[in-house]
Amino acid sequence: MKMTPKAVIIGSVLMLATIVFVVVYIPWANRIQTPSEIHRTRSEIEAEGRKIYIANGCVYCHSQSIRTIDWGKGAERIAQAGDYVADQPILLGSQRTGPDLSQQGGEHPDDWHKAHFINPRYTSPNSIMPRFEYLGEEGIATLTAYVQSLGMKDADKRVARQAYWKEKVIAAYEAGPEANVKWLNEQVPQGWRDLPNPYPTTPAALARGRKIYQDFCLGCHSAVGDGMGPAQPYIYPPPFNFTILHGREISGGIIYYHLMNGITGSAMPYFKKDLESEKIWEVGDYIAVYFINDSDANTEPRGIDAAYEPVEEE
Amino acid sequence: MMMATFMGLLGATELIAPDLSGNLSWIVFGRVRPIHVNLVLFGFVTPGLLGAAFYFLPRLLDTDLYSEGLGRVSVIVWNLILVCIVLSLAAGYSQGREYAEMIWPVDMLIVIVFTLIFFNFIMTVAQRREPLLYVSVWYACAAIVLTGLTYCLGNVIWRPDSGALVGIPDAILLWFYGHNIFGLLLTPLSLGVAYYVIPRVCRSPLYSHTLSLVGFWSLILVYTHIGTHHLLQVPVPTWLKVIATVDSVGMVIPVMVVLINLWYTAKGRLGEIHADIGGKFVFTGTILYFFVSIQGSMMALPQVQRITHFNNWVIAHSHVGVLGFAGMIALGGIYYILPRAVGKPLYSRYLADFQYWLVLIGVVGFTVVLTIAGLIQGNAWFNGETIYRVLPEIHMYYIVRASLGLIIFVAAVLGFYNIVRTIFGRPAETVVVEGSPTRELLAGSESGLAHQESGLAHQEVAS
């Protein structure tokens, strides 16, 4: 084949045109334009927040694309083409340096986001996300509005749920410590309330619990468990002070339940996706031993002795 | 080169010390990363390779560059673009699409500069005294025209506000374009340089004209189909995913054809390559091209992507591709051409060698640590661990990665110093004036000369 300038230029351009037709035009012509069942239009402030999201490159660390193989937050809904019909540009992302945000709306209340944007380490001590304090009060509020809209109609339901419970947790907090603890205990199903921590307190378990506490809890509840962590000024009701719980009938089951499910409405997230069962029991016992000074670990009812437990001297 | 690698180092450091950016919006990771990527692509690798093309085109065509003035204007506009890229992205003016972040005015400048360069190239071709077109000429011309076109398309320049389509087609177009930055810009320009430098350094003719042809056309045919392999886990049409996966595996053909051609040309002459610093960089680039391409084909398999997608594995892959393959060849092109273009000997061969090893250690080290980090992330996620839980597990690898980034940055500084000292150094005592090497290059190439002149199909004969 003789390669003339015409052959090179015209040939390659024709090839490109043909391929563009196949791999770009045909998918575009056959695109799905029907919105999915969770789709809704963004409000003005949410659209503004999306611009902040783009301008600050959030897309480089956060995907918005849930796959069939995902487990994390938002993984209950696998992405559909109809979810993206209004996205211009689409913000699927190519990296998960941070979590996927497809269904982030309503996972946390607004005050958690505020503390988190001011310094992500305040709420999530291991986070490597940069600080966004420079966005200012208004910028953070606008960006939060966008984040709270992620998941669209599903997000709206979760946001409404946060608002519903926020009223109740504020009322309970403002009724004073006694009433607050009572209310919080009452929210836990009876079976859990009666359940002591089934595992014994050991130095190894406490050391592991301490590690989990540092990785997850420190930012709000502080190193001494008094609820005066760095996130405290931004959060209402403020993070719980564990040191008031002594003698208030806090079972291992109650602590476990709150760690597992979180306290919707307050900034307390659920940890069932981050932590497996043993880790939740151990961080719970760490809190009970060090901050409450009242652990029911390994007390009756215990049932059959677990094979791996240290044998106690009779 | 220095700015680009520094931005990479800054970004890598921010992943270890996230409070580093403090309250400064313009150095926040989300802005540093696109500056790094675009500076590497448009500030270091592409101009390095284009500089080589501006050198070898007139020589291969036995003529002068159509217009030196136009070339100078292109360089000035190009540098203006780089300043605009840094300032606009640092200030938060971004269209939010990876590799297509630049706002519309910058897009327009880029289209204009590509047009200028294309015009200069094609007019140089038109006034050539050597009727035969050597393979490097095909690659350089095709790269400029095809990238000019895909740039317009990929940046949706008919929509200045958003620079984007709507919904899933936007993702398809974006990755068609994004992958073609490698497939239609960096790869053909790099191969053009490799096709020029390797036979010249070896002082041997090109191995096969037929392989050149197959490699050139199959690159354009296959590479352009594979962008959707970035979207295998996204609701895009299945047939498109099938095309992307099949063609990604099919990339073995254009890659191996070119490499066989280049490596057979260099067969038995590695001593000559090792003796020439430019040749050394370029040849190493071709080896890394092999690795990055084979890895790329493998990564397009859905089963592999379940683990590798969304994590540092991909970052490792992109660094081997852009720095290890295209970047190495760009550096090789610079070192081969610079002394000849300015008529002065290289300031320090030792420094260039030192830079070579720093870059090689840096990029190989990057690949190792980021691949490990990616495997940790991918397997942990697949196993149900949350992203937050995995962060401490990869922290150590981020530290090693930033250290390697420092090595690469130091290499860039040394290279810059070497180049500046060469340009402002003492002229060589004898200036070698070279004639057009096209005939020489095609002389033995399995009778490529006769092949092209007669225009007849030619049967490949294994030698």
# chains A, B, ... in the order shown; residues from 1 in each chain; ligands from 1
>>> residues_around(residues="Pro302 of chain B", least_positions_apart="5", cutoff="12 Å", atoms="only C-alpha atoms", output="JSON, numbers by chain")
{"A": [69], "B": [228, 229, 230, 231, 232, 233, 234, 238, 241, 242, 244, 245, 246, 248, 249, 297, 307, 308, 309]}
>>> write_last_selection(atoms="N, CA, C and O atoms", output="PDB file, in the first residue's frame")
ATOM      1  N   ILE A  69     -21.911  -5.277  42.552  1.00  0.00           N
ATOM      2  CA  ILE A  69     -21.015  -5.949  43.490  1.00  0.00           C
ATOM      3  C   ILE A  69     -20.720  -5.101  44.721  1.00  0.00           C
ATOM      4  O   ILE A  69     -19.854  -5.439  45.510  1.00  0.00           O
TER       5      ILE A  69
ATOM      6  N   THR B 228     -15.369   2.649  26.159  1.00  0.00           N
ATOM      7  CA  THR B 228     -16.432   2.201  27.066  1.00  0.00           C
ATOM      8  C   THR B 228     -15.936   1.165  28.079  1.00  0.00           C
ATOM      9  O   THR B 228     -16.661   0.816  28.998  1.00  0.00           O
ATOM     10  N   HIS B 229     -14.695   0.685  27.938  1.00  0.00           N
ATOM     11  CA  HIS B 229     -14.233  -0.240  28.975  1.00  0.00           C
ATOM     12  C   HIS B 229     -14.071   0.455  30.335  1.00  0.00           C
ATOM     13  O   HIS B 229     -13.862  -0.206  31.332  1.00  0.00           O
ATOM     14  N   HIS B 230     -14.217   1.783  30.352  1.00  0.00           N
ATOM     15  CA  HIS B 230     -14.270   2.498  31.631  1.00  0.00           C
ATOM     16  C   HIS B 230     -15.662   2.396  32.256  1.00  0.00           C
ATOM     17  O   HIS B 230     -15.866   2.825  33.379  1.00  0.00           O
ATOM     18  N   LEU B 231     -16.612   1.899  31.490  1.00  0.00           N
ATOM     19  CA  LEU B 231     -18.016   1.957  31.920  1.00  0.00           C
ATOM     20  C   LEU B 231     -18.653   0.577  31.991  1.00  0.00           C
ATOM     21  O   LEU B 231     -19.866   0.446  31.876  1.00  0.00           O
ATOM     22  N   LEU B 232     -17.841  -0.441  32.177  1.00  0.00           N
ATOM     23  CA  LEU B 232     -18.402  -1.801  32.165  1.00  0.00           C
ATOM     24  C   LEU B 232     -19.374  -2.036  33.310  1.00  0.00           C
ATOM     25  O   LEU B 232     -20.223  -2.910  33.242  1.00  0.00           O
ATOM     26  N   GLN B 233     -19.230  -1.261  34.393  1.00  0.00           N
ATOM     27  CA  GLN B 233     -20.093  -1.490  35.554  1.00  0.00           C
ATOM     28  C   GLN B 233     -21.186  -0.436  35.653  1.00  0.00           C
ATOM     29  O   GLN B 233     -21.767  -0.215  36.710  1.00  0.00           O
ATOM     30  N   VAL B 234     -21.435   0.220  34.526  1.00  0.00           N
ATOM     31  CA  VAL B 234     -22.390   1.326  34.471  1.00  0.00           C
ATOM     32  C   VAL B 234     -23.501   0.910  33.509  1.00  0.00           C
ATOM     33  O   VAL B 234     -23.246   0.135  32.583  1.00  0.00           O
ATOM     34  N   THR B 238     -25.261  -3.102  26.516  1.00  0.00           N
ATOM     35  CA  THR B 238     -24.361  -4.254  26.633  1.00  0.00           C
ATOM     36  C   THR B 238     -23.521  -4.445  25.377  1.00  0.00           C
ATOM     37  O   THR B 238     -22.336  -4.766  25.453  1.00  0.00           O
ATOM     38  N   LYS B 241     -20.479  -2.484  25.549  1.00  0.00           N
ATOM     39  CA  LYS B 241     -19.494  -3.053  26.469  1.00  0.00           C
ATOM     40  C   LYS B 241     -18.760  -4.209  25.790  1.00  0.00           C
ATOM     41  O   LYS B 241     -17.557  -4.378  25.975  1.00  0.00           O
ATOM     42  N   VAL B 242     -19.510  -4.997  25.016  1.00  0.00           N
ATOM     43  CA  VAL B 242     -18.892  -6.137  24.335  1.00  0.00           C
ATOM     44  C   VAL B 242     -17.848  -5.632  23.337  1.00  0.00           C
ATOM     45  O   VAL B 242     -16.714  -6.116  23.305  1.00  0.00           O
ATOM     46  N   ALA B 244     -16.245  -2.835  23.441  1.00  0.00           N
ATOM     47  CA  ALA B 244     -15.109  -2.253  24.170  1.00  0.00           C
ATOM     48  C   ALA B 244     -14.193  -3.346  24.710  1.00  0.00           C
ATOM     49  O   ALA B 244     -12.966  -3.241  24.630  1.00  0.00           O
ATOM     50  N   THR B 245     -14.795  -4.398  25.259  1.00  0.00           N
ATOM     51  CA  THR B 245     -13.977  -5.459  25.848  1.00  0.00           C
ATOM     52  C   THR B 245     -13.212  -6.223  24.767  1.00  0.00           C
ATOM     53  O   THR B 245     -12.008  -6.449  24.882  1.00  0.00           O
ATOM     54  N   VAL B 246     -13.942  -6.587  23.705  1.00  0.00           N
ATOM     55  CA  VAL B 246     -13.303  -7.358  22.636  1.00  0.00           C
ATOM     56  C   VAL B 246     -12.170  -6.560  22.007  1.00  0.00           C
ATOM     57  O   VAL B 246     -11.062  -7.065  21.819  1.00  0.00           O
ATOM     58  N   SER B 248     -10.546  -4.126  23.346  1.00  0.00           N
ATOM     59  CA  SER B 248      -9.448  -3.920  24.304  1.00  0.00           C
ATOM     60  C   SER B 248      -8.493  -5.097  24.250  1.00  0.00           C
ATOM     61  O   SER B 248      -7.269  -4.928  24.284  1.00  0.00           O
ATOM     62  N   VAL B 249      -9.045  -6.289  24.188  1.00  0.00           N
ATOM     63  CA  VAL B 249      -8.188  -7.466  24.054  1.00  0.00           C
ATOM     64  C   VAL B 249      -7.500  -7.426  22.692  1.00  0.00           C
ATOM     65  O   VAL B 249      -6.312  -7.730  22.565  1.00  0.00           O
ATOM     66  N   SER B 297      -5.270  -4.552  28.319  1.00  0.00           N
ATOM     67  CA  SER B 297      -6.167  -5.554  27.732  1.00  0.00           C
ATOM     68  C   SER B 297      -6.769  -6.412  28.836  1.00  0.00           C
ATOM     69  O   SER B 297      -7.965  -6.709  28.833  1.00  0.00           O
ATOM     70  N   ILE B 307     -12.310  -6.266  40.686  1.00  0.00           N
ATOM     71  CA  ILE B 307     -11.339  -5.929  41.726  1.00  0.00           C
ATOM     72  C   ILE B 307     -10.621  -4.615  41.405  1.00  0.00           C
ATOM     73  O   ILE B 307     -10.372  -3.811  42.291  1.00  0.00           O
ATOM     74  N   THR B 308     -10.291  -4.392  40.135  1.00  0.00           N
ATOM     75  CA  THR B 308      -9.391  -3.270  39.836  1.00  0.00           C
ATOM     76  C   THR B 308     -10.111  -1.938  39.657  1.00  0.00           C
ATOM     77  O   THR B 308      -9.478  -0.892  39.742  1.00  0.00           O
ATOM     78  N   HIS B 309     -11.413  -1.948  39.405  1.00  0.00           N
ATOM     79  CA  HIS B 309     -12.087  -0.695  39.080  1.00  0.00           C
ATOM     80  C   HIS B 309     -12.200   0.203  40.312  1.00  0.00           C
ATOM     81  O   HIS B 309     -12.318  -0.284  41.420  1.00  0.00           O
TER      82      HIS B 309
END
>>> select_by_dssp(residues="segment 133-218 of chain A", states="alpha helix (DSSP H)", output="number ranges by chain")
A: 136-149, 152-174, 177-186, 190-193, 203-216, 218
>>> atom_distance(atom1="atom CA of Thr202 of chain A", atom2="atom CA of Pro125 of chain A")
25.3 Å
>>> atom_distance(atom1="atom CA of Ile399 of chain B", atom2="atom CA of Ala17 of chain B")
9.6 Å
>>> residues_around(residues="Asp274 of chain A", least_positions_apart="2", cutoff="7 Å", atoms="only C-alpha atoms", output="PyMOL selection string")
(chain A and resi 271-272+276) or (chain B and resi 385-386+389)
>>> write_last_selection(atoms="C-alpha atoms", output="PDB file, in the first residue's frame")
ATOM      1  CA  PHE A 271     -22.045   1.583  61.972  1.00  0.00           C
ATOM      2  CA  LYS A 272     -23.436  -1.746  60.848  1.00  0.00           C
ATOM      3  CA  GLU A 276     -18.704  -6.434  62.171  1.00  0.00           C
TER       4      GLU A 276
ATOM      5  CA  GLU B 385     -15.409  -3.734  53.823  1.00  0.00           C
ATOM      6  CA  THR B 386     -16.328  -0.071  53.626  1.00  0.00           C
ATOM      7  CA  ARG B 389     -12.193   0.961  56.853  1.00  0.00           C
TER       8      ARG B 389
END
>>> residues_around(residues="Arg131 of chain A", least_positions_apart="4", cutoff="10 Å", atoms="only C-alpha atoms", output="PyMOL selection string")
(chain A and resi 116-121+135) or (chain B and resi 18-25+28-29)
